[in-house]
Each structure stands twice: as structure tokens, then as C-alpha cells.
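Visitor: Next comes the structure file run.cif, holding mmCIF, C-alpha atoms.
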data_upload
loop_
_atom_site.label_atom_id
_atom_site.label_comp_id
_atom_site.auth_asym_id
_atom_site.auth_seq_id
_atom_site.Cartn_x
_atom_site.Cartn_y
_atom_site.Cartn_z
CA MET F 2 -63.44 -108.12 35.41
CA SER F 3 -64.92 -109.25 32.12
CA LEU F 4 -67.36 -107.42 29.89
CA ARG F 5 -70.97 -108.40 29.42
CA SER F 6 -72.55 -107.51 26.11
CA ASP F 7 -75.72 -106.04 27.60
CA ASP F 8 -75.03 -103.20 30.03
CA VAL F 9 -71.56 -103.40 31.59
CA PRO F 10 -69.60 -102.12 28.53
CA LEU F 11 -71.51 -98.82 28.44
CA GLY F 12 -69.07 -96.88 30.64
CA ARG F 13 -66.03 -98.31 28.97
CA LEU F 14 -67.46 -97.60 25.55
CA ARG F 15 -67.63 -93.95 26.56
CA GLU F 16 -63.90 -94.11 27.12
CA LEU F 17 -63.58 -95.58 23.64
CA ASP F 18 -65.66 -92.62 22.43
CA GLY F 19 -63.16 -90.28 24.06
CA LEU F 20 -60.32 -92.13 22.37
CA ARG F 21 -62.15 -91.92 19.04
CA GLY F 22 -62.43 -88.17 19.57
CA ILE F 23 -58.69 -87.86 20.11
CA ALA F 24 -58.10 -89.88 16.93
CA ALA F 25 -60.38 -87.61 14.89
CA VAL F 26 -58.69 -84.47 16.18
CA ALA F 27 -55.26 -85.98 15.46
CA VAL F 28 -56.20 -86.68 11.84
CA MET F 29 -57.63 -83.18 11.43
CA LEU F 30 -54.51 -81.58 12.94
CA PHE F 31 -52.32 -83.64 10.63
CA HIS F 32 -54.15 -82.49 7.51
CA PHE F 33 -54.54 -78.86 8.58
CA THR F 34 -51.05 -78.24 9.95
CA PHE F 35 -49.46 -79.74 6.84
CA TRP F 36 -51.63 -77.56 4.60
CA ARG F 37 -49.19 -75.94 2.19
CA ASP F 38 -46.58 -75.93 4.99
CA HIS F 39 -48.10 -72.72 6.32
CA TRP F 40 -48.24 -73.76 9.97
CA ILE F 41 -45.18 -73.46 12.18
CA VAL F 42 -46.03 -76.55 14.29
CA GLN F 43 -46.88 -79.75 12.40
CA ILE F 44 -48.40 -82.99 13.67
CA PRO F 45 -46.52 -85.66 11.68
CA TRP F 46 -48.08 -88.63 13.48
CA GLY F 47 -51.68 -87.46 13.37
CA HIS F 48 -52.66 -89.61 10.41
CA TYR F 49 -52.19 -92.74 12.54
CA GLY F 50 -55.49 -91.83 14.12
CA VAL F 51 -56.97 -93.88 11.25
CA GLU F 52 -55.32 -97.06 12.54
CA LEU F 53 -56.72 -96.24 15.97
CA PHE F 54 -60.19 -95.96 14.41
CA PHE F 55 -59.81 -99.43 12.91
CA VAL F 56 -58.86 -101.09 16.21
CA ILE F 57 -61.82 -99.43 17.95
CA SER F 58 -64.05 -100.56 15.09
CA GLY F 59 -62.96 -104.18 15.50
CA PHE F 60 -63.83 -104.00 19.18
CA VAL F 61 -67.20 -102.29 18.72
CA ILE F 62 -68.36 -104.34 15.73
CA LEU F 63 -67.97 -107.59 17.63
CA LEU F 64 -70.03 -106.05 20.43
CA THR F 65 -72.65 -105.10 17.84
CA ILE F 66 -72.71 -108.64 16.48
CA ASP F 67 -73.20 -110.03 19.98
CA LYS F 68 -76.28 -107.81 20.27
CA SER F 69 -77.61 -108.63 16.78
CA SER F 70 -80.20 -111.31 16.13
CA GLY F 71 -78.85 -111.96 12.63
CA VAL F 72 -77.31 -110.49 9.50
CA VAL F 73 -80.27 -108.23 8.72
CA ASP F 74 -80.29 -106.82 12.23
CA PHE F 75 -76.53 -106.24 11.99
CA ALA F 76 -76.90 -104.51 8.60
CA ILE F 77 -79.67 -102.26 9.94
CA SER F 78 -77.55 -101.33 12.93
CA ARG F 79 -74.54 -100.45 10.79
CA GLY F 80 -76.49 -98.70 8.05
CA SER F 81 -78.44 -96.51 10.45
CA ARG F 82 -75.20 -95.64 12.23
CA LEU F 83 -73.22 -94.70 9.13
CA TYR F 84 -75.50 -93.12 6.57
CA PRO F 85 -77.37 -90.15 8.14
CA ALA F 86 -74.21 -88.25 9.08
CA TYR F 87 -72.49 -89.39 5.88
CA TRP F 88 -75.27 -88.07 3.64
CA CYS F 89 -75.04 -84.67 5.32
CA ALA F 90 -71.26 -84.69 5.01
CA VAL F 91 -71.45 -85.48 1.28
CA LEU F 92 -73.93 -82.66 0.69
CA PHE F 93 -71.90 -80.20 2.74
CA THR F 94 -68.69 -81.11 0.91
CA ALA F 95 -70.48 -80.85 -2.45
CA LEU F 96 -71.78 -77.40 -1.48
CA CYS F 97 -68.28 -76.27 -0.54
CA ALA F 98 -66.98 -77.63 -3.84
CA VAL F 99 -69.59 -75.64 -5.77
CA LEU F 100 -68.89 -72.44 -3.82
CA PHE F 101 -65.13 -72.64 -3.29
CA GLY F 102 -63.77 -75.62 -5.24
CA SER F 103 -61.19 -75.23 -7.95
CA SER F 104 -62.46 -78.22 -9.97
CA ALA F 105 -65.99 -79.07 -11.06
CA ILE F 106 -68.01 -81.95 -9.64
CA SER F 107 -70.91 -83.70 -11.34
CA GLY F 108 -74.30 -84.75 -10.11
CA VAL F 109 -73.41 -88.35 -10.92
CA GLN F 110 -70.32 -88.11 -8.73
CA VAL F 111 -72.38 -86.76 -5.84
CA ALA F 112 -75.08 -89.41 -6.34
CA VAL F 113 -72.57 -92.26 -6.38
CA ASN F 114 -70.83 -90.86 -3.33
CA MET F 115 -74.15 -90.86 -1.50
CA THR F 116 -74.15 -94.66 -1.75
CA MET F 117 -70.73 -94.93 -0.05
CA LEU F 118 -69.73 -97.37 -2.79
CA GLN F 119 -67.67 -94.99 -4.93
CA GLN F 120 -64.42 -96.89 -4.39
CA PHE F 121 -65.95 -100.10 -5.68
CA VAL F 122 -67.20 -98.52 -8.93
CA HIS F 123 -64.11 -96.35 -9.52
CA VAL F 124 -65.76 -92.97 -8.97
CA ASP F 125 -63.71 -90.22 -7.36
CA PRO F 126 -64.66 -89.54 -3.73
CA LEU F 127 -65.70 -86.03 -2.81
CA ASP F 128 -63.34 -86.23 0.16
CA PRO F 129 -60.12 -88.29 0.22
CA SER F 130 -60.94 -89.36 3.78
CA TYR F 131 -63.75 -91.53 2.44
CA TRP F 132 -61.19 -94.22 1.55
CA THR F 133 -61.51 -95.62 5.07
CA LEU F 134 -65.24 -96.17 4.59
CA GLY F 135 -64.55 -98.71 1.86
CA ILE F 136 -62.20 -100.55 4.22
CA GLU F 137 -64.89 -100.53 6.92
CA LEU F 138 -67.56 -101.84 4.54
CA VAL F 139 -65.38 -104.78 3.52
CA PHE F 140 -64.78 -105.57 7.18
CA TYR F 141 -68.53 -105.44 7.87
CA ALA F 142 -69.17 -107.77 4.93
CA LEU F 143 -66.62 -110.29 6.20
CA MET F 144 -68.13 -110.18 9.68
CA ALA F 145 -71.62 -110.57 8.21
CA ILE F 146 -70.47 -113.69 6.36
CA TRP F 147 -69.21 -115.16 9.63
CA LEU F 148 -72.47 -114.21 11.34
CA ARG F 149 -74.51 -115.72 8.49
CA SER F 150 -72.58 -118.98 8.85
CA GLY F 151 -74.02 -119.33 12.32
CA ARG F 152 -70.69 -118.35 13.89
CA ARG F 153 -69.35 -121.79 13.09
CA GLY F 154 -65.90 -122.24 14.50
CA ARG F 155 -64.05 -119.84 16.70
CA LEU F 156 -63.57 -116.41 15.24
CA GLU F 157 -59.88 -116.56 16.14
CA TRP F 158 -59.35 -119.35 13.60
CA TYR F 159 -60.89 -117.19 10.86
CA CYS F 160 -58.58 -114.37 11.91
CA ILE F 161 -55.55 -116.66 11.82
CA LEU F 162 -56.58 -117.81 8.34
CA TRP F 163 -56.70 -114.19 7.24
CA LEU F 164 -53.33 -113.45 8.83
CA THR F 165 -51.80 -116.40 7.00
CA ALA F 166 -53.26 -115.37 3.63
CA ALA F 167 -52.24 -111.75 4.14
CA CYS F 168 -48.75 -112.73 5.24
CA ILE F 169 -48.25 -114.88 2.13
CA THR F 170 -49.57 -112.10 -0.11
CA ARG F 171 -47.47 -109.38 1.51
CA THR F 172 -44.40 -111.61 1.15
CA ALA F 173 -45.22 -112.10 -2.53
CA LEU F 174 -45.51 -108.33 -2.93
CA LEU F 175 -41.89 -108.05 -1.83
CA ILE F 176 -40.96 -110.11 -4.90
CA VAL F 177 -43.38 -108.95 -7.61
CA HIS F 178 -44.72 -105.51 -8.41
CA GLU F 179 -47.60 -104.39 -6.24
CA ARG F 180 -49.90 -103.96 -9.25
CA VAL F 181 -49.73 -107.68 -9.94
CA LEU F 182 -51.46 -108.57 -6.67
CA GLY F 183 -53.00 -105.19 -5.96
CA PHE F 184 -56.49 -106.41 -6.92
CA VAL F 185 -56.62 -108.56 -3.76
CA ALA F 186 -55.67 -105.73 -1.41
CA ARG F 187 -59.23 -104.61 -0.64
CA PRO F 188 -61.03 -107.98 -0.30
CA LEU F 189 -58.18 -109.25 1.88
CA LEU F 190 -57.96 -105.99 3.85
CA LEU F 191 -54.31 -106.48 3.09
CA TYR F 192 -52.92 -103.39 4.79
CA TYR F 193 -55.41 -102.81 7.59
CA GLY F 194 -57.07 -106.09 8.54
CA GLN F 195 -54.67 -106.62 11.43
CA PHE F 196 -56.12 -103.61 13.23
CA PHE F 197 -59.67 -104.95 13.09
CA ILE F 198 -58.41 -108.33 14.28
CA ALA F 199 -56.61 -106.68 17.18
CA GLY F 200 -59.85 -104.98 18.18
CA ILE F 201 -61.72 -108.29 17.96
CA CYS F 202 -59.15 -109.97 20.21
CA LEU F 203 -59.30 -107.15 22.74
CA TYR F 204 -63.08 -107.45 22.91
CA ARG F 205 -62.94 -111.20 23.49
CA LEU F 206 -60.27 -110.80 26.16
CA ARG F 207 -62.16 -108.04 27.97
CA ARG F 208 -65.38 -110.04 27.84
CA GLY F 209 -63.73 -113.05 29.39
CA GLN F 210 -63.97 -115.20 26.26
CA GLY F 211 -60.30 -115.08 25.38
CA ASP F 212 -57.58 -117.63 25.98
CA LEU F 213 -54.09 -118.39 24.71
CA LEU F 214 -55.40 -118.68 21.14
CA THR F 215 -56.82 -115.16 21.41
CA VAL F 216 -53.53 -113.83 22.75
CA ALA F 217 -51.61 -115.60 19.96
CA THR F 218 -53.97 -114.09 17.37
CA LEU F 219 -53.48 -110.63 18.87
CA ILE F 220 -49.70 -111.03 18.75
CA GLY F 221 -49.91 -112.24 15.16
CA ALA F 222 -52.06 -109.25 14.20
CA CYS F 223 -49.53 -106.83 15.69
CA ALA F 224 -46.64 -108.68 14.03
CA MET F 225 -48.35 -108.31 10.65
CA SER F 226 -47.52 -104.61 10.74
CA ALA F 227 -43.83 -105.47 10.51
CA PHE F 228 -44.42 -105.54 6.75
CA GLY F 229 -44.97 -101.80 6.95
CA GLY F 230 -47.89 -99.60 6.04
CA GLY F 231 -49.66 -99.26 2.74
CA ILE F 232 -49.85 -96.21 0.50
CA ASP F 233 -52.55 -94.65 2.66
CA SER F 234 -50.24 -94.95 5.68
CA LEU F 235 -47.58 -92.94 3.85
CA ASN F 236 -45.58 -96.15 3.35
CA ALA F 237 -44.41 -96.31 6.95
CA ALA F 238 -41.40 -98.55 7.51
CA GLY F 239 -42.03 -101.90 9.14
CA SER F 240 -40.31 -101.03 12.42
CA VAL F 241 -42.25 -97.78 12.72
CA TYR F 242 -45.58 -99.32 11.76
CA LEU F 243 -45.09 -102.16 14.24
CA LEU F 244 -44.51 -99.67 17.06
CA VAL F 245 -47.54 -97.66 15.94
CA THR F 246 -49.68 -100.81 15.99
CA ILE F 247 -48.54 -101.78 19.47
CA ALA F 248 -49.22 -98.23 20.67
CA VAL F 249 -52.77 -98.01 19.29
CA VAL F 250 -53.61 -101.50 20.58
CA ALA F 251 -52.32 -100.49 24.02
CA LEU F 252 -54.45 -97.34 23.94
CA VAL F 253 -57.61 -99.27 23.10
CA TYR F 254 -56.81 -101.84 25.78
CA GLY F 255 -56.33 -99.06 28.31
CA ALA F 256 -59.61 -97.43 27.28
CA CYS F 257 -61.72 -100.58 27.46
CA SER F 258 -60.08 -101.50 30.78
CA SER F 259 -60.88 -98.13 32.40
CA CYS F 260 -57.17 -97.39 32.76
CA LEU F 261 -57.38 -94.00 31.04
CA PRO F 262 -59.88 -91.93 33.07
CA PHE F 263 -59.03 -88.70 31.24
CA LEU F 264 -60.94 -90.11 28.25
CA ARG F 265 -64.14 -89.50 30.20
CA TYR F 266 -63.44 -85.80 30.56
CA PRO F 267 -65.91 -83.51 28.77
CA VAL F 268 -63.55 -82.40 25.98
CA PRO F 269 -62.54 -85.89 24.74
CA LEU F 270 -66.16 -87.04 25.00
CA PHE F 271 -67.38 -84.01 23.04
CA PHE F 272 -64.98 -84.74 20.21
CA GLY F 273 -65.83 -88.42 20.50
CA ASP F 274 -69.50 -87.65 19.94
CA ILE F 275 -68.79 -85.59 16.83
CA SER F 276 -65.82 -87.68 15.63
CA TYR F 277 -67.61 -89.31 12.71
CA PRO F 278 -68.96 -86.15 11.02
CA LEU F 279 -65.76 -84.30 11.94
CA TYR F 280 -63.69 -86.92 10.14
CA LEU F 281 -66.01 -86.89 7.13
CA ILE F 282 -65.97 -83.14 6.48
CA HIS F 283 -62.59 -81.94 7.66
CA GLN F 284 -60.31 -82.69 4.71
CA SER F 285 -61.84 -81.49 1.44
CA ALA F 286 -64.19 -78.87 2.87
CA GLY F 287 -61.59 -77.77 5.40
CA THR F 288 -58.90 -77.42 2.74
CA MET F 289 -61.24 -75.37 0.54
CA LEU F 290 -62.02 -73.07 3.47
CA LEU F 291 -58.31 -72.74 4.22
CA THR F 292 -57.57 -71.87 0.60
CA VAL F 293 -60.27 -69.20 0.46
CA GLY F 294 -59.51 -67.81 3.91
CA HIS F 295 -55.79 -67.56 3.20
CA ARG F 296 -56.51 -64.57 0.97
CA TYR F 297 -57.67 -62.60 4.00
CA LEU F 298 -56.07 -64.11 7.12
CA GLY F 299 -52.63 -65.21 8.22
CA SER F 300 -52.06 -68.87 9.02
CA ALA F 301 -51.78 -68.25 12.78
CA VAL F 302 -55.40 -67.07 12.79
CA LEU F 303 -56.73 -68.91 9.75
CA ILE F 304 -56.07 -72.52 10.80
CA PRO F 305 -57.66 -72.24 14.28
CA THR F 306 -60.59 -70.36 12.73
CA VAL F 307 -61.24 -73.03 10.10
CA MET F 308 -60.87 -75.74 12.74
CA ALA F 309 -63.52 -74.01 14.84
CA ILE F 310 -65.84 -73.75 11.82
CA VAL F 311 -65.39 -77.43 10.92
CA VAL F 312 -65.96 -78.50 14.53
CA ALA F 313 -69.12 -76.38 14.68
CA ILE F 314 -70.48 -77.89 11.45
CA ALA F 315 -69.64 -81.39 12.71
CA TYR F 316 -71.54 -80.68 15.91
CA LEU F 317 -74.58 -79.49 13.97
CA ILE F 318 -74.52 -82.63 11.83
CA HIS F 319 -74.21 -84.80 14.93
CA ARG F 320 -76.93 -82.96 16.82
CA TYR F 321 -79.53 -82.53 14.09
CA ALA F 322 -78.79 -85.32 11.60
CA GLU F 323 -76.64 -88.12 12.99
CA THR F 324 -78.47 -88.75 16.28
CA PRO F 325 -82.11 -88.32 15.18
CA GLY F 326 -81.35 -89.75 11.73
CA ARG F 327 -79.92 -92.92 13.21
CA LEU F 328 -83.04 -93.53 15.27
CA ALA F 329 -85.41 -92.67 12.41
CA LEU F 330 -83.57 -94.77 9.82
CA ARG F 331 -83.32 -97.73 12.18
CA GLU F 332 -87.03 -97.53 12.94
CA TRP F 333 -87.94 -97.24 9.24
CA LEU F 334 -85.71 -100.13 8.20
CA GLY F 335 -87.02 -102.22 11.08
CA LYS F 336 -90.59 -101.49 9.97
CA LEU F 337 -89.79 -102.54 6.40
CA ARG F 338 -88.30 -105.74 7.74
CA ARG F 339 -91.36 -106.52 9.85
CA ASN F 340 -93.73 -105.72 6.97
CA SER F 341 -91.79 -107.99 4.63
CA LYS F 342 -92.14 -110.85 7.09
CA GLU F 343 -95.89 -110.46 7.67
CA PRO F 344 -97.07 -111.53 4.17
CA ALA F 345 -94.84 -114.58 4.27
CA MET F 346 -96.20 -115.54 7.68
CA SER F 347 -99.81 -115.03 6.54
CA GLN F 348 -99.24 -117.35 3.57
CA ASN F 349 -98.11 -120.06 5.95
#
Once more with this new file: its structure as C-alpha cells, please.

Guide:
Amino acid sequence: MSLRSDDVPLGRLRELDGLRGIAAVAVMLFHFTFWRDHWIVQIPWGHYGVELFFVISGFVILLTIDKSSGVVDFAISRGSRLYPAYWCAVLFTALCAVLFGSSAISGVQVAVNMTMLQQFVHVDPLDPSYWTLGIELVFYALMAIWLRSGRRGRLEWYCILWLTAACITRTALLIVHERVLGFVARPLLLYYGQFFIAGICLYRLRRGQGDLLTVATLIGACAMSAFGGGIDSLNAAGSVYLLVTIAVVALVYGACSSCLPFLRYPVPLFFGDISYPLYLIHQSAGTMLLTVGHRYLGSAVLIPTVMAIVVAIAYLIHRYAETPGRLALREWLGKLRRNSKEPAMSQN
């Protein structure tokens, strides 16, 4: 059964939400259980939840584009989805830094972080986890360019072009020092573009738009990981990273095909709903809370306690900022767009 972009994907997207929740918890467990090696059980693979996020993003963004009337509509949809929770996360992390942080932060740093563009202007992020937001923004920009072009040509051919360019560049990096070609890493999505492409291919296949070219593109995207992971993936070896890629692609395929019913259970869906703010606040703020709490509590009690606090804060952000903020920001931006069109129409 294929997906339709209007109402059929709703149930399956909830399973993707459950999978996103598992990914967020995995990343949090990775960071918390490796905190100063205080925890007796560590989650060494948890950081690969980021790659899972990227595959899901590729799937969902193409669905969003199918529902968008144009680039502006797409930008409003993405902006209203990302910024309300992000603004709250930045402020919460800044507050924790002021109260518990060991190093000072500046108002300029906070202000730049509020734009989500800190990586592009070389300003330190308040939370190291924000690095993925820069990757996401570049992906959105590339998809917006394709949308602005009137979707000329099949998207698979654009993906194959990227895979070819990335493959050539990664091969060159095996010969020359990474700093020589490092400046192209972000605009080419050199280390992570294959995950977005895999998500795109899965969406097209599940919607009934895929064919052998789509399958070939998906295989090529997975094969790209044989080069290994980047610095943010802890320099995973090619064989390991290839297996990780196949695993996360299989998980997303299972979720969007309704093959993983446990993802619709209340607990995965709860964490799926709060996954975005949970991801945004868990690392810096969580580490500061762990550092302060370690003076009073043992690790066996401290880590679960801080996890519970971070989850509670993430829920509050989701409930009182992310959900209503998304609707309010989308309505406000839509109103600005309509008002900007009215004078031009009246002049005609």
C-alpha cells in the first residue's frame, strides 16, 4: 500500500514519532551514562540516534514539501516547527549556565544562538547538540532550492549528483588533509547527506512513486557510509558506519510500513512528542545539573534524577511553548505573508 500525502501517512507518522522518541532517549543515555565514567552501565551506541533523526527528517521533509504551495510556505512550516521550542531551550540552557556553569556566557552569544545560525558565523553554541541544527538548515536550504526550481527533474537525479560529488570529495580527503577540503563539508552535507537521501527514497517508495532508480539511489546512499563517519560520529570505521546506516534505514522503513507496532505504545509516543526539546536541552543543561548534583548524590541516584528533571522540563517546553508557539508563529507569519501580497495586488 502506498502513502498519500494528505491523510493516509498520519498513523505511520506517529510510528515515526515513536522512533524519534527512542532516538532522543538513546542520545540522552549516551551522554549521561558516559558522564565522567560515573555510571556502571554505558550506552556506547546511543549517539547514532542522530543518524536516525536525519533519516526521519529526509522522509518527513519531502512530505512537508508535497504539502507546501511554494518555498515561502515551506519556510513558514519549518520555521514555526523549529523555533518556538528552540528559543525556550536556548533560554533554559543560558539560565543553567548563569546559575551552574563553570564558564561565562555573553549576551551576544545568547542572541546569536537564538537565530540558530551560530555555526555559520563561528559563535560557540550554548549546547554542543546544536551542531545538528546547522546540518538540518543546510538540508532545508537545498530542498528549498529544488522546490524553487519548480521541481524540475526527478529528485533522485539530484541525489545521485550529490552522492557523486560527495564520493569524489571523500576520496580526495583520503589523499589530502581534511582541512584542505573541510570548507566544503557543510554545504555538501559531506558526512550526513546520505541519511537525508535515504529518508527521501523511503518516502518515495512508500508513496508509490519509487522505481529502480529510487532503489539504486537508496543503495548508493547507504554505500556512502562505507567511507566512515565524520568527527561528530566519533570517527566510526567504514564497516561499522555502513552497518549503522543499514540498521537505521531499516528501522525507518519498518516504522513507515507499520511493521513496528510497539512504536505506537504510549511511552515511545510520549518521548516522540517531547523529542525535540529533550534533545535540545539534555546535553549542556543536563551535564551542569549532573555536576552540581554530584556533590550531594551518588551516581546511581543522580543520573536517573537528572534524567527525570530534563524530561519534565522538555515536556513543559513541548506543552506550553512548542505546540502553541508553532501554531501562533505559523499564523503570524502567514498573516505577514498575506499582508505583503495585498498592496501588490491592489497596485495591479

Visitor: Identify all residues satisfying the PyMOL selection byres ((chain F and resi 221-228) around 8) in the given file; provide them as a VMD selection string.

Guide: chain F and resid 161 164 168 171 195 to 196 198 to 199 217 to 220 229 to 230 238 to 240 242 to 243 246 to 247

Visitor: Quote the spacing between CA of Glu16 (chain F) and CA of Val268 (chain F) in Å to one decimal place.

Guide: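 Atom-to-atom, CA of Glu16 (chain F) to CA of Val268 (chain F), that is 11.8 Å.
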
Visitor: Any idea what's packed within 8 Å of Met115 (chain F), counting only C-alpha atoms, ignoring anything in its chain fewer than 5 positions away? Could you give it as a ChimeraX atom specification?

Guide: /F:87-88,91

Visitor: Go ahead and save the residues from that selection, with C-alpha atoms, as a PDB file, keeping the file's coordinate frame.

Guide:
ATOM      1  CA  TYR F  87     -72.490 -89.390   5.880  1.00  0.00           C
ATOM      2  CA  TRP F  88     -75.270 -88.070   3.640  1.00  0.00           C
ATOM      3  CA  VAL F  91     -71.450 -85.480   1.280  1.00  0.00           C
TER       4      VAL F  91
END

Visitor: Can you list, as a list in words, the residues that the PyMOL selection byres ((chain F and resi 81) around 10) selects here?

Guide: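 Applied to this file, the PyMOL selection byres ((chain F and resi 81) around 10) selects Ala76, Ile77, Ser78, Arg79, Gly80, Arg82, Leu83, Tyr84, Pro85, Ala86, Glu323, Thr324, Gly326, Arg327, Leu328, Ala329, Leu330, Arg331, Glu332, Trp333 and Leu334 of chain F.
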
Visitor: Let me know the residues the PyMOL selection byres ((chain F and resi 141-150) around 8) catches in the file above, as a list in words.

Guide: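 On this input, the PyMOL selection byres ((chain F and resi 141-150) around 8) captures Ile62, Ile66, Gly71, Val72, Phe75, Glu137, Leu138, Val139, Phe140, Gly151, Arg152 and Arg153 of chain F.
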
Visitor: How many Å separate CA of Ala166 (chain F) from CA of Cys257 (chain F)?

Guide: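 Distance reported for this atom pair: 29.3 Å.
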
Visitor: Please check which residues have atoms at most 8 Å from (-56.2, -112.3, -0.1) in the file's coordinates, counting all atoms listed in the file, and write them as JSON, numbers by chain.

Guide: {"F": [163, 166, 167, 170, 185, 186, 188, 189, 190, 191]}

Visitor: Write out as a CSV table (one decimal) with C-alpha atoms, keeping the file's coordinate frame the residues lying within 9 Å of region 315-320 of chain F, counting only C-alpha atoms and excluding same-chain residues fewer than 4 positions away.

Guide:
chain,number,residue,atom,x,y,z
F,85,PRO,CA,-77.4,-90.2,8.1
F,86,ALA,CA,-74.2,-88.2,9.1
F,89,CYS,CA,-75.0,-84.7,5.3
F,90,ALA,CA,-71.3,-84.7,5.0
F,271,PHE,CA,-67.4,-84.0,23.0
F,272,PHE,CA,-65.0,-84.7,20.2
F,274,ASP,CA,-69.5,-87.6,19.9
F,275,ILE,CA,-68.8,-85.6,16.8
F,276,SER,CA,-65.8,-87.7,15.6
F,277,TYR,CA,-67.6,-89.3,12.7
F,278,PRO,CA,-69.0,-86.2,11.0
F,279,LEU,CA,-65.8,-84.3,11.9
F,280,TYR,CA,-63.7,-86.9,10.1
F,281,LEU,CA,-66.0,-86.9,7.1
F,282,ILE,CA,-66.0,-83.1,6.5
F,283,HIS,CA,-62.6,-81.9,7.7
F,310,ILE,CA,-65.8,-73.8,11.8
F,311,VAL,CA,-65.4,-77.4,10.9
F,324,THR,CA,-78.5,-88.8,16.3
F,325,PRO,CA,-82.1,-88.3,15.2

Visitor: So that I can check the surroundings of Leu252 (chain F), please list as a list in words every protein, DNA and RNA residue that reaches within 10 Å of it, counting only C-alpha atoms and ignoring chain neighbours fewer than 2 positions away.

Guide: Leu17, Leu20, Leu53, Val56, Ile57, Thr246, Ile247, Ala248, Val249, Val250, Tyr254, Gly255, Ala256, Cys257, Ser258, Cys260 and Leu261 of chain F

Visitor: When you look at region 286-295 of chain F with a cut-off of 10 Å (counting all atoms listed in the file), what residues show up, excluding the ones that are within fewer than 6 positions of it in the same chain? I need them as a list in words.

Guide: Met29, His32, Phe33, Trp36, Arg37, His39, Ala90, Val91, Phe93, Thr94, Ala95, Leu96, Cys97, Ala98, Leu100, Phe101, Gly102, Ser103, Leu127, Asp128, Val302, Leu303, Ile304, Thr306, Val307, Met308, Ile310 and Val311 of chain F

Visitor: Would you pick out the contacts of Leu264 (chain F) at 10 Å or less, using all atoms listed in the file, so that residues sharing its chain but fewer than 5 positions from it are not included, and give the list as a list in words?

Guide: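 In the requested format, the answer is Arg13, Arg15, Glu16, Leu17, Asp18, Gly19, Leu20, Arg21, Gly22, Ile23, Ala256, Ser259, Pro269, Leu270 and Gly273 of chain F.
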
Visitor: Using Å and a single decimal, report how far CA of Ile106 (chain F) sits from CA of Leu92 (chain F).

Guide: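 Atom-to-atom, CA of Leu92 (chain F) to CA of Ile106 (chain F), that is 11.9 Å.
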
Visitor: Given all atoms listed in the file as the basis, pick out the residue of F:Thr34, F:Thr65, F:Gln43, F:Ser300 nearest to Tyr204 (chain F).

Guide: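 Of F:Thr34, F:Thr65, F:Gln43, F:Ser300, the one nearest Tyr204 (chain F) is F:Thr65, counting all atoms listed in the file.
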
Visitor: Rank F:Phe60, F:Asp74, F:Trp132, F:Met117 by their smallest atom-to-atom distance to Lys336 (chain F), using all atoms listed in the file, and report the top residue only.

Guide: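 Distance minimum relative to Lys336 (chain F) lands on F:Asp74.
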